[in-house]
Amino acid sequence: MTTEQLTALLAERVMRWRVGPDRFLTGNRSWIPRWKFNPLERLEDAFRLLDHSGSSRYVISRTGNGFDVEVECDGRVGKATSDSKPRAITLAVARVLGIEVD
C-alpha cells in the first residue's frame with residue numbers, strides 16, 4: 001500500500017472524510033487539498049488522526065533514535081516503531097484499526 005493510499009484510507013475511516021482525486025471533503029461544504037493532510041510526515045496531522053481514532057489509551061516513548069507507539073481502541077492494540085514520530089503514531093493507529101501496513 002502506498003503512503004497516498006494509506007492516508008486516504010485513514011482519512012475515510014478515522015476522520016470520516018470523503019476522498020476526492022485531489023482533495024478531502026471534510027463536511028459542511030468544506031475541503032482541504034490532499035497535500036495538506038499528511039499524518040505520516042506532519043506531527044500535527046498525526047496527532048489529529050490519533051485524537052479522532054477513538055483510542056482509549058496511547059503511549060509514546062523514545063528508544064534511542066526512534067519512537068515506540070502503542071494505541072489501544074476497543075480492546076485492540078496497535079503498535080509501531082519508527083525513527084519518525086508522526087510515522088510511528090500513524091502506523092500504530094492504522095494497525096489498531098486492522099489495516100495491514102509495513
# chains A, B, ... in the order shown; residues from 1 in each chain; ligands from 1

$ residues_around --residues "Ser61 in chain A" --least-positions-apart "5" --cutoff "12 Å" --atoms "only C-alpha atoms" --output "PyMOL selection string"
chain A and resi 66-71+79-85+88-89

$ write_last_selection --atoms "C-alpha atoms" --output "PDB file, in the first residue's frame"
ATOM      1  CA  GLY A  66      13.358   6.026  17.412  1.00  0.00           C
ATOM      2  CA  PHE A  67       9.863   6.135  18.799  1.00  0.00           C
ATOM      3  CA  ASP A  68       7.643   3.318  20.061  1.00  0.00           C
ATOM      4  CA  VAL A  69       3.904   3.977  19.930  1.00  0.00           C
ATOM      5  CA  GLU A  70       1.120   1.810  21.313  1.00  0.00           C
ATOM      6  CA  VAL A  71      -2.538   2.677  20.726  1.00  0.00           C
ATOM      7  CA  LYS A  79       1.995  -0.919  17.895  1.00  0.00           C
ATOM      8  CA  ALA A  80       4.603   0.729  15.702  1.00  0.00           C
ATOM      9  CA  THR A  81       8.251   1.729  15.865  1.00  0.00           C
ATOM     10  CA  SER A  82       9.913   4.301  13.652  1.00  0.00           C
ATOM     11  CA  ASP A  83      12.631   6.926  13.698  1.00  0.00           C
ATOM     12  CA  SER A  84       9.843   9.390  12.795  1.00  0.00           C
ATOM     13  CA  LYS A  85       7.312  10.232  15.499  1.00  0.00           C
ATOM     14  CA  ALA A  88       5.052   5.731  14.306  1.00  0.00           C
ATOM     15  CA  ILE A  89       1.791   7.324  15.501  1.00  0.00           C
TER      16      ILE A  89
END

$ residues_around --residues "Glu100 in chain A" --least-positions-apart "3" --cutoff "10 Å" --atoms "only C-alpha atoms" --output "ChimeraX atom specification"
/A:1,6,91,94-97

$ write_last_selection --atoms "N, CA, C and O atoms" --output "mmCIF file, in the first residue's frame"
data_model
loop_
_atom_site.group_PDB
_atom_site.id
_atom_site.type_symbol
_atom_site.label_atom_id
_atom_site.label_comp_id
_atom_site.auth_asym_id
_atom_site.auth_seq_id
_atom_site.Cartn_x
_atom_site.Cartn_y
_atom_site.Cartn_z
ATOM 1 N N MET A 1 0.854 -1.179 0.000
ATOM 2 C CA MET A 1 0.000 0.000 0.000
ATOM 3 C C MET A 1 0.897 1.239 0.000
ATOM 4 O O MET A 1 1.833 1.326 0.795
ATOM 5 N N LEU A 6 -2.692 4.830 2.006
ATOM 6 C CA LEU A 6 -2.878 4.738 3.451
ATOM 7 C C LEU A 6 -3.483 6.021 4.004
ATOM 8 O O LEU A 6 -4.420 5.981 4.812
ATOM 9 N N LEU A 91 1.156 4.736 11.901
ATOM 10 C CA LEU A 91 1.157 3.291 11.690
ATOM 11 C C LEU A 91 0.497 2.555 12.851
ATOM 12 O O LEU A 91 -0.206 1.555 12.644
ATOM 13 N N ALA A 94 -3.204 2.924 12.325
ATOM 14 C CA ALA A 94 -3.622 2.024 11.238
ATOM 15 C C ALA A 94 -3.719 0.584 11.722
ATOM 16 O O ALA A 94 -4.701 -0.123 11.434
ATOM 17 N N ARG A 95 -2.744 0.139 12.474
ATOM 18 C CA ARG A 95 -2.729 -1.253 12.961
ATOM 19 C C ARG A 95 -3.841 -1.523 13.949
ATOM 20 O O ARG A 95 -4.413 -2.607 13.956
ATOM 21 N N VAL A 96 -4.169 -0.568 14.795
ATOM 22 C CA VAL A 96 -5.253 -0.797 15.750
ATOM 23 C C VAL A 96 -6.591 -0.918 15.017
ATOM 24 O O VAL A 96 -7.510 -1.565 15.499
ATOM 25 N N LEU A 97 -6.671 -0.336 13.829
ATOM 26 C CA LEU A 97 -7.875 -0.444 13.010
ATOM 27 C C LEU A 97 -7.871 -1.689 12.130
ATOM 28 O O LEU A 97 -8.827 -1.928 11.391
#

$ closest_residue --among "A:Pro39, A:Gly54, A:Gly98, A:Gly27" --to "Asp74 in chain A" --atoms "only C-alpha atoms"
A:Gly54

$ select_by_dssp --residues "range 19-92 of chain A" --states "strand (DSSP E)" --output "PyMOL selection string"
chain A and resi 19+23-27+30-33+57-63+66-73+76-82

$ atom_distance --atom1 "CA of Leu50 in chain A" --atom2 "CA of Ala8 in chain A"
15.1 Å

$ residues_around --residues "Asp51 in chain A" --least-positions-apart "4" --cutoff "12 Å" --atoms "only C-alpha atoms" --output "list in words"
Val14, Met15, Glu44, Asp45, Ala46, Phe47, Ser55, Ser56, Arg57, Tyr58, Val71, Cys73, Ile89, Thr90 and Val93 of chain A

$ atom_distance --atom1 "CA of Lys36 in chain A" --atom2 "CA of Val77 in chain A"
28.1 Å

$ select_by_dssp --residues "chain A" --states "helix (DSSP H, G or I)" --output "number ranges by chain"
A: 3-13, 34-36, 43-52, 85-96

$ atom_distance --atom1 "CA of Pro33 in chain A" --atom2 "CA of Arg13 in chain A"
17.7 Å

$ closest_residue --among "A:Leu25, A:Leu40, A:Ile32, A:Val59" --to "Glu12 in chain A" --atoms "only C-alpha atoms"
A:Leu25

$ decode --residues "chain A" --atoms "C-alpha atoms" --output "mmCIF file, in the first residue's frame"
data_model
loop_
_atom_site.group_PDB
_atom_site.id
_atom_site.type_symbol
_atom_site.label_atom_id
_atom_site.label_comp_id
_atom_site.auth_asym_id
_atom_site.auth_seq_id
_atom_site.Cartn_x
_atom_site.Cartn_y
_atom_site.Cartn_z
ATOM 1 C CA MET A 1 0.000 0.000 0.000
ATOM 2 C CA THR A 2 1.390 3.390 -0.928
ATOM 3 C CA THR A 3 1.543 6.281 1.521
ATOM 4 C CA GLU A 4 -1.128 8.097 -0.503
ATOM 5 C CA GLN A 5 -3.454 5.084 -0.301
ATOM 6 C CA LEU A 6 -2.878 4.738 3.451
ATOM 7 C CA THR A 7 -3.505 8.432 4.029
ATOM 8 C CA ALA A 8 -6.739 8.288 2.013
ATOM 9 C CA LEU A 9 -7.919 5.168 3.861
ATOM 10 C CA LEU A 10 -7.240 6.751 7.265
ATOM 11 C CA ALA A 11 -8.935 9.983 6.179
ATOM 12 C CA GLU A 12 -12.050 7.956 5.335
ATOM 13 C CA ARG A 13 -12.084 5.629 8.340
ATOM 14 C CA VAL A 14 -10.810 7.871 11.104
ATOM 15 C CA MET A 15 -11.546 11.431 10.051
ATOM 16 C CA ARG A 16 -14.826 10.433 8.293
ATOM 17 C CA TRP A 17 -13.833 12.475 5.259
ATOM 18 C CA ARG A 18 -14.708 11.659 1.685
ATOM 19 C CA VAL A 19 -11.783 11.306 -0.673
ATOM 20 C CA GLY A 20 -11.638 13.100 -3.995
ATOM 21 C CA PRO A 21 -8.927 12.873 -6.640
ATOM 22 C CA ASP A 22 -7.062 15.916 -5.318
ATOM 23 C CA ARG A 23 -8.820 16.805 -2.063
ATOM 24 C CA PHE A 24 -10.510 15.574 1.096
ATOM 25 C CA LEU A 25 -14.106 16.618 1.586
ATOM 26 C CA THR A 26 -14.320 17.376 5.301
ATOM 27 C CA GLY A 27 -18.053 18.053 5.535
ATOM 28 C CA ASN A 28 -20.206 21.180 5.710
ATOM 29 C CA ARG A 29 -19.140 22.046 2.150
ATOM 30 C CA SER A 30 -15.523 22.266 3.284
ATOM 31 C CA TRP A 31 -12.476 20.609 1.815
ATOM 32 C CA ILE A 32 -8.703 20.602 2.036
ATOM 33 C CA PRO A 33 -6.149 19.731 -0.650
ATOM 34 C CA ARG A 34 -4.738 16.216 -0.264
ATOM 35 C CA TRP A 35 -1.208 17.575 0.213
ATOM 36 C CA LYS A 36 -2.308 19.473 3.327
ATOM 37 C CA PHE A 37 -3.096 16.310 5.327
ATOM 38 C CA ASN A 38 -0.012 14.131 5.681
ATOM 39 C CA PRO A 39 -0.021 12.264 9.021
ATOM 40 C CA LEU A 40 2.980 10.135 8.059
ATOM 41 C CA GLU A 41 5.190 13.232 7.955
ATOM 42 C CA ARG A 42 3.460 16.048 9.852
ATOM 43 C CA LEU A 43 3.233 15.657 13.628
ATOM 44 C CA GLU A 44 0.194 17.938 13.843
ATOM 45 C CA ASP A 45 -1.711 15.699 11.406
ATOM 46 C CA ALA A 46 -0.609 12.512 13.185
ATOM 47 C CA PHE A 47 -1.964 13.827 16.494
ATOM 48 C CA ARG A 48 -5.148 14.965 14.753
ATOM 49 C CA LEU A 49 -5.572 11.396 13.488
ATOM 50 C CA LEU A 50 -4.838 9.981 16.942
ATOM 51 C CA ASP A 51 -7.366 12.321 18.573
ATOM 52 C CA HIS A 52 -10.091 11.213 16.133
ATOM 53 C CA SER A 53 -9.245 7.499 16.352
ATOM 54 C CA GLY A 54 -11.392 6.875 19.421
ATOM 55 C CA SER A 55 -8.428 5.456 21.310
ATOM 56 C CA SER A 56 -8.870 4.806 24.994
ATOM 57 C CA ARG A 57 -5.132 4.796 25.695
ATOM 58 C CA TYR A 58 -1.896 5.539 23.925
ATOM 59 C CA VAL A 59 1.765 5.537 24.891
ATOM 60 C CA ILE A 60 4.563 7.259 23.017
ATOM 61 C CA SER A 61 8.088 6.538 24.167
ATOM 62 C CA ARG A 62 11.512 7.308 22.841
ATOM 63 C CA THR A 63 14.002 4.485 22.381
ATOM 64 C CA GLY A 64 17.430 5.584 21.231
ATOM 65 C CA ASN A 65 16.857 7.423 17.969
ATOM 66 C CA GLY A 66 13.358 6.026 17.412
ATOM 67 C CA PHE A 67 9.863 6.135 18.799
ATOM 68 C CA ASP A 68 7.643 3.318 20.061
ATOM 69 C CA VAL A 69 3.904 3.977 19.930
ATOM 70 C CA GLU A 70 1.120 1.810 21.313
ATOM 71 C CA VAL A 71 -2.538 2.677 20.726
ATOM 72 C CA GLU A 72 -5.492 0.893 22.330
ATOM 73 C CA CYS A 73 -9.024 1.126 20.969
ATOM 74 C CA ASP A 74 -11.992 -1.114 21.821
ATOM 75 C CA GLY A 75 -9.733 -3.747 23.377
ATOM 76 C CA ARG A 76 -7.413 -3.921 20.368
ATOM 77 C CA VAL A 77 -3.810 -2.742 20.442
ATOM 78 C CA GLY A 78 -1.758 -1.349 17.584
ATOM 79 C CA LYS A 79 1.995 -0.919 17.895
ATOM 80 C CA ALA A 80 4.603 0.729 15.702
ATOM 81 C CA THR A 81 8.251 1.729 15.865
ATOM 82 C CA SER A 82 9.913 4.301 13.652
ATOM 83 C CA ASP A 83 12.631 6.926 13.698
ATOM 84 C CA SER A 84 9.843 9.390 12.795
ATOM 85 C CA LYS A 85 7.312 10.232 15.499
ATOM 86 C CA PRO A 86 4.475 11.086 13.064
ATOM 87 C CA ARG A 87 5.059 7.853 11.130
ATOM 88 C CA ALA A 88 5.052 5.731 14.306
ATOM 89 C CA ILE A 89 1.791 7.324 15.501
ATOM 90 C CA THR A 90 0.092 6.920 12.122
ATOM 91 C CA LEU A 91 1.157 3.291 11.690
ATOM 92 C CA ALA A 92 0.013 2.408 15.220
ATOM 93 C CA VAL A 93 -3.402 3.959 14.515
ATOM 94 C CA ALA A 94 -3.622 2.024 11.238
ATOM 95 C CA ARG A 95 -2.729 -1.253 12.961
ATOM 96 C CA VAL A 96 -5.253 -0.797 15.750
ATOM 97 C CA LEU A 97 -7.875 -0.444 13.010
ATOM 98 C CA GLY A 98 -6.706 -3.683 11.395
ATOM 99 C CA ILE A 99 -5.070 -2.057 8.376
ATOM 100 C CA GLU A 100 -2.086 -4.081 7.194
ATOM 101 C CA VAL A 101 0.945 -1.813 6.825
ATOM 102 C CA ASP A 102 4.673 -2.470 6.541
#
